Amino acid sequence: MYRLLLVDDERLILEGISQVVDWGMAGTELVGTARNGIEALEQIGKLEPDIVITDISMPGLDGLGLVDRCSVQYPGIKFVMLTGYKDFDYACSAMQHGVRHYLLKPCNEKQIHEALTELVQELNEESRREQFVTEMKHRLTKVLPHVKAQFLKEWISNKTYGSHDLDYYQELFGIELGGKGVRLILFRLEESVEYEHLFALQNIAQDMLSEVLLCTTIGSQLLILLEQPEEADPQHDLLERIASVKEIFFNFYKIHVTIAVSDKGRMSESRCLYRQTLQCMNHRFYLEEGSLITGSDIPSDELSGHGEIDLQEEQICLLIKAGDQHAVVNELGRLFGVLADQRLEMNVTRSYVLQLYSAMIRLCIPDERSRFTSGLAELAELGTLGSLKAFVMNAAERLTAMYDRHFVTRQSAIVDKMLHIIEADYQNSELSLGSVAAEMLYMNPDYLGKIFKKVTGEKFSNYVTSYRIGKASEHIIRSGDVKVFELAELYGFGGNAQYFSQVFKKVTGKTPTDFMKPQ
C-alpha cells in the first residue's frame, strides 16, 4: 500500500473525499489530511506519504507552492492536483515539477480512483526499475574485481584495445588511468602454486603498496599495476616496500617469490612495461630464487632491441581458432622473419618462441593439452632458429586443423538445425532466414546464410523454395487434381496462386496444371 495525504481547505470536500473513496481498492492508504499547504508540509515531514492529493487554491501556501517546496525537499512524492475550471491553465504550470495528474472540481470517486490507479502503476514501475538498478549495481560490485583483473590481463596483451576502451573502463571502475604515471610489478612463485598462495600474495601486496590500481593473475604469476606520480617516493623506497611483501609472504608460506619491476611509464606504454617485467623475469635464471629484479640488473647487451619486437601472438591465436591454415603459416613466417632480422641472443629469441607456444597451448582442447605441453621441453632444447620455426609451424598446423575440424562440425550441426526447422515450418509463408536467426537460433542472419550456403551449396531462400515445390509436387502425385490456390496456401506461398505457378514452372519446367495431367 502506498501512503496518501489529502489536502483541501474546504472541510466538506476534505471529509467527503476521505469517506467516499475506497483507498484500499486503489492500492493506497489514507494516512492523514491537511487544510492548507503549510499544514501539509508539516504532515509530509511526519507521515512520509508517497502520494499527495491537493487543492490548488488554498490560503497561506497554495497547491502550486506546496508542489514547488516538495520538489526540493521531497522529490519522490507524486501529486494529484484538484482545481476549478478557471484555475486549470494556472495549475498546468506545476508540470515543470513533474505533476501530470489533474482533476477538475467537482470530481467523483471514480475519477479519483482512476487517477490513483495510474499513479500506483507509475510507482510500482519506478520501484521495479529502482530494484533492477540496485540489483545490477549489487551484481556489478560483486564482479567488479574480476572485471578489473580481466581488463588488466587483456590490456597488456591485446593490441586491439585503444583510448576509447580505456575511457570506458576508467568510468566503469571509477579510477583515472590514462593520465597517470604507472609501473608494473610481476610476482612469480618459485614452487608449486595454489590459488590460496596467489590470493594471499595479492592481499599482502595491496596492504603494503597503497598505490595499487589494478591486479590480475597470469598463470602462476601475479601482476600489479601501481600508480607512480611525478612526486612519488624515490624508487629505493618503493623497492624496500616491495621486498617487504616478499618477506612477509615467505614468513607465512615458506615459498620464495621472484619479483620483476618495470620502469615508470604511462598507461599507453603498459604493454612495453609488461615486456620489461618479462625480460627481468627471464633474467632470474642467473640469480638466486626470490630475487627482486629491475632493468638496472640486466646487462645492456641483453637489453639491446629486446623490448621492440611485437609478437602479436593474439593475432596468431585468432587465425588458428578460425581454422585458416594459410594465414597462420604466413603470420608465423612474418614473426620468425622479424626474429631472424633482430639477431638477438639465442636465449632471448627462444623466450619469445616459448611465449608464443605457451599462448598456443592455451588454445588446446583438454584432451590435447598435455601432448602440446610436453613439447615445451623439446622446444627448449632446440639450438637453431630454423628448428624452432619448424617445430612451432608443425604444432600450429596441427592445432589449426583441430579448430578447422571443430568449426566444420559446428557449422554442420547448425545447418542440421536449420534443415529441421525448414522441414517443420515450410508451410509457413513467414519462414525466412531472418526469422530462423532471430526467433529460433539467435544468430546473425548474414553469418547464418553464409554457413548454410557453404554446407548445402544453396542459398537459404532457394533451398526453401525448392523444398516447398518438391512437397507440392508430391501432393499433386498423391492427390491428382487439386486447386492451384490450395497448393499455394498449403506450401508457404500465402495463397498467391499466380506466384506459386511461376515458381513451380521455374523449378519443375511445367505449370502445376500441366504437372497434374497424366503422363
# chains A, B, ... in the order shown; residues from 1 in each chain; ligands from 1

call {"tool": "select_by_dssp", "arguments": {"residues": "segment 258-391 of chain A", "states": "strand (DSSP E)", "output": "ChimeraX atom specification"}}
result
/A:258-261,265-266,292-294

call {"tool": "residues_around", "arguments": {"residues": "segment 15-20 of chain A", "least_positions_apart": "5", "cutoff": "10 Å", "atoms": "only C-alpha atoms", "output": "PDB file with C-alpha atoms, in the first residue's frame"}}
result
ATOM      1  CA  LEU A   5      -2.132  12.602   2.231  1.00  0.00           C
ATOM      2  CA  LEU A   6      -5.268  14.598   1.306  1.00  0.00           C
ATOM      3  CA  ASP A   8      -8.019  20.859   0.872  1.00  0.00           C
ATOM      4  CA  GLU A  10     -12.821  23.132   2.337  1.00  0.00           C
ATOM      5  CA  LEU A  30      -5.081   7.436   3.604  1.00  0.00           C
ATOM      6  CA  GLY A  32      -3.687  11.948   7.047  1.00  0.00           C
ATOM      7  CA  THR A  33      -5.358  15.191   5.934  1.00  0.00           C
ATOM      8  CA  CYS A 107     -14.933  15.222  -9.193  1.00  0.00           C
ATOM      9  CA  ASN A 108     -16.343  11.857  -8.141  1.00  0.00           C
ATOM     10  CA  GLU A 109     -14.755   8.832  -6.547  1.00  0.00           C
ATOM     11  CA  LYS A 110     -14.411   7.051  -9.906  1.00  0.00           C
ATOM     12  CA  ILE A 112     -10.093   9.880  -8.159  1.00  0.00           C
TER      13      ILE A 112
END

call {"tool": "select_by_dssp", "arguments": {"residues": "segment 81-278 of chain A", "states": "alpha helix (DSSP H)", "output": "ChimeraX atom specification"}}
result
/A:88-91,109-155,163-173,195-208,235-253,270-278

call {"tool": "residues_around", "arguments": {"residues": "Lys453 of chain A", "least_positions_apart": "2", "cutoff": "12 Å", "atoms": "only C-alpha atoms", "output": "list in words"}}
result
Gln411, Ser412, Ile414, Val415, Met418, Leu433, Asp446, Tyr447, Leu448, Gly449, Lys450, Ile451, Val455, Thr456, Gly457, Glu458, Lys459, Phe460, Ser461, Asn462 and Tyr463 of chain A

call {"tool": "residues_around", "arguments": {"residues": "segment 141-157 of chain A", "least_positions_apart": "4", "cutoff": "12 Å", "atoms": "only C-alpha atoms", "output": "PyMOL selection string"}}
result
chain A and resi 134-137+161-163+165-166+168-175+177+184+202+213-219+221-226+267-278+310-315+355-356+359

call {"tool": "residues_around", "arguments": {"residues": "Ala260 of chain A", "least_positions_apart": "5", "cutoff": "7 Å", "atoms": "only C-alpha atoms", "output": "list in words"}}
result
Ile185, Leu186, Phe187, Thr277, Cys280, Met281, Leu292, Ile293 and Thr294 of chain A

call {"tool": "write_last_selection", "arguments": {"atoms": "all heavy atoms", "output": "PDB file, in the first residue's frame"}}
result
ATOM      1  N   ILE A 185      54.503  -4.492 -11.675  1.00  0.00           N
ATOM      2  CA  ILE A 185      55.281  -5.413 -10.845  1.00  0.00           C
ATOM      3  C   ILE A 185      54.775  -6.824 -11.102  1.00  0.00           C
ATOM      4  O   ILE A 185      53.573  -7.085 -11.006  1.00  0.00           O
ATOM      5  CB  ILE A 185      55.135  -5.085  -9.346  1.00  0.00           C
ATOM      6  CG1 ILE A 185      55.461  -3.617  -9.086  1.00  0.00           C
ATOM      7  CG2 ILE A 185      56.050  -5.971  -8.521  1.00  0.00           C
ATOM      8  CD1 ILE A 185      55.221  -3.208  -7.658  1.00  0.00           C
ATOM      9  N   LEU A 186      55.678  -7.722 -11.429  1.00  0.00           N
ATOM     10  CA  LEU A 186      55.335  -9.112 -11.709  1.00  0.00           C
ATOM     11  C   LEU A 186      55.921 -10.001 -10.611  1.00  0.00           C
ATOM     12  O   LEU A 186      57.118  -9.974 -10.353  1.00  0.00           O
ATOM     13  CB  LEU A 186      55.882  -9.523 -13.079  1.00  0.00           C
ATOM     14  CG  LEU A 186      55.467 -10.895 -13.612  1.00  0.00           C
ATOM     15  CD1 LEU A 186      53.956 -10.956 -13.843  1.00  0.00           C
ATOM     16  CD2 LEU A 186      56.209 -11.207 -14.911  1.00  0.00           C
ATOM     17  N   PHE A 187      55.057 -10.777  -9.944  1.00  0.00           N
ATOM     18  CA  PHE A 187      55.475 -11.692  -8.883  1.00  0.00           C
ATOM     19  C   PHE A 187      55.383 -13.125  -9.400  1.00  0.00           C
ATOM     20  O   PHE A 187      54.354 -13.524  -9.944  1.00  0.00           O
ATOM     21  CB  PHE A 187      54.549 -11.563  -7.667  1.00  0.00           C
ATOM     22  CG  PHE A 187      54.552 -10.211  -7.002  1.00  0.00           C
ATOM     23  CD1 PHE A 187      53.812  -9.159  -7.515  1.00  0.00           C
ATOM     24  CD2 PHE A 187      55.286  -9.998  -5.842  1.00  0.00           C
ATOM     25  CE1 PHE A 187      53.795  -7.918  -6.907  1.00  0.00           C
ATOM     26  CE2 PHE A 187      55.283  -8.755  -5.215  1.00  0.00           C
ATOM     27  CZ  PHE A 187      54.536  -7.724  -5.746  1.00  0.00           C
ATOM     28  N   THR A 277      58.996  -6.363 -17.619  1.00  0.00           N
ATOM     29  CA  THR A 277      58.948  -7.273 -16.461  1.00  0.00           C
ATOM     30  C   THR A 277      59.236  -8.707 -16.891  1.00  0.00           C
ATOM     31  O   THR A 277      59.873  -9.458 -16.153  1.00  0.00           O
ATOM     32  CB  THR A 277      57.585  -7.208 -15.747  1.00  0.00           C
ATOM     33  OG1 THR A 277      56.540  -7.672 -16.616  1.00  0.00           O
ATOM     34  CG2 THR A 277      57.264  -5.801 -15.278  1.00  0.00           C
ATOM     35  N   CYS A 280      62.889  -8.985 -17.287  1.00  0.00           N
ATOM     36  CA  CYS A 280      63.520  -9.088 -15.963  1.00  0.00           C
ATOM     37  C   CYS A 280      63.320 -10.487 -15.386  1.00  0.00           C
ATOM     38  O   CYS A 280      64.238 -11.082 -14.800  1.00  0.00           O
ATOM     39  CB  CYS A 280      62.918  -8.045 -15.014  1.00  0.00           C
ATOM     40  SG  CYS A 280      63.361  -6.338 -15.399  1.00  0.00           S
ATOM     41  N   MET A 281      62.119 -11.026 -15.554  1.00  0.00           N
ATOM     42  CA  MET A 281      61.829 -12.347 -15.005  1.00  0.00           C
ATOM     43  C   MET A 281      62.651 -13.427 -15.700  1.00  0.00           C
ATOM     44  O   MET A 281      63.091 -14.392 -15.072  1.00  0.00           O
ATOM     45  CB  MET A 281      60.325 -12.637 -15.133  1.00  0.00           C
ATOM     46  CG  MET A 281      59.825 -13.773 -14.273  1.00  0.00           C
ATOM     47  SD  MET A 281      60.089 -13.517 -12.495  1.00  0.00           S
ATOM     48  CE  MET A 281      58.817 -12.316 -12.121  1.00  0.00           C
ATOM     49  N   LEU A 292      64.685  -9.728  -6.411  1.00  0.00           N
ATOM     50  CA  LEU A 292      63.897  -8.577  -6.839  1.00  0.00           C
ATOM     51  C   LEU A 292      64.686  -7.935  -7.974  1.00  0.00           C
ATOM     52  O   LEU A 292      65.789  -7.437  -7.775  1.00  0.00           O
ATOM     53  CB  LEU A 292      63.702  -7.597  -5.681  1.00  0.00           C
ATOM     54  CG  LEU A 292      62.551  -6.594  -5.796  1.00  0.00           C
ATOM     55  CD1 LEU A 292      62.262  -5.949  -4.447  1.00  0.00           C
ATOM     56  CD2 LEU A 292      62.851  -5.511  -6.827  1.00  0.00           C
ATOM     57  N   ILE A 293      64.130  -7.972  -9.196  1.00  0.00           N
ATOM     58  CA  ILE A 293      64.884  -7.620 -10.396  1.00  0.00           C
ATOM     59  C   ILE A 293      64.295  -6.385 -11.049  1.00  0.00           C
ATOM     60  O   ILE A 293      63.080  -6.280 -11.258  1.00  0.00           O
ATOM     61  CB  ILE A 293      64.871  -8.778 -11.413  1.00  0.00           C
ATOM     62  CG1 ILE A 293      65.203 -10.117 -10.714  1.00  0.00           C
ATOM     63  CG2 ILE A 293      65.830  -8.516 -12.557  1.00  0.00           C
ATOM     64  CD1 ILE A 293      64.907 -11.318 -11.563  1.00  0.00           C
ATOM     65  N   THR A 294      65.138  -5.429 -11.393  1.00  0.00           N
ATOM     66  CA  THR A 294      64.748  -4.248 -12.169  1.00  0.00           C
ATOM     67  C   THR A 294      65.582  -4.192 -13.435  1.00  0.00           C
ATOM     68  O   THR A 294      66.518  -4.974 -13.618  1.00  0.00           O
ATOM     69  CB  THR A 294      64.953  -2.956 -11.347  1.00  0.00           C
ATOM     70  OG1 THR A 294      66.359  -2.756 -11.156  1.00  0.00           O
ATOM     71  CG2 THR A 294      64.255  -3.038 -10.000  1.00  0.00           C
TER      72      THR A 294
END

call {"tool": "closest_residue", "arguments": {"among": "A:Asp425, A:Asp55, A:Asp167, A:Glu211", "to": "Arg11 of chain A", "atoms": "only C-alpha atoms"}}
result
A:Asp55

call {"tool": "closest_residue", "arguments": {"among": "A:Ser262, A:Thr384, A:Gln235, A:Gln498", "to": "Arg350 of chain A", "atoms": "only C-alpha atoms"}}
result
A:Thr384

call {"tool": "residues_around", "arguments": {"residues": "Met208 of chain A", "least_positions_apart": "2", "cutoff": "7 Å", "atoms": "only C-alpha atoms", "output": "ChimeraX atom specification"}}
result
/A:204-206,210,241,245

call {"tool": "residues_around", "arguments": {"residues": "segment 80-82 of chain A", "least_positions_apart": "3", "cutoff": "8 Å", "atoms": "only C-alpha atoms", "output": "VMD selection string"}}
result
chain A and resid 51 to 56 63 91 99 to 105 115

call {"tool": "closest_residue", "arguments": {"among": "A:Met402, A:Ala34, A:Ala413, A:Ile44", "to": "Met58 of chain A", "atoms": "only C-alpha atoms"}}
result
A:Ala34

call {"tool": "closest_residue", "arguments": {"among": "A:Ser71, A:Gln427, A:Thr349, A:Asn394", "to": "Gly98 of chain A", "atoms": "only C-alpha atoms"}}
result
A:Ser71

call {"tool": "closest_residue", "arguments": {"among": "A:Val67, A:Glu240, A:Val392, A:Val338", "to": "Ile361 of chain A", "atoms": "only C-alpha atoms"}}
result
A:Val392
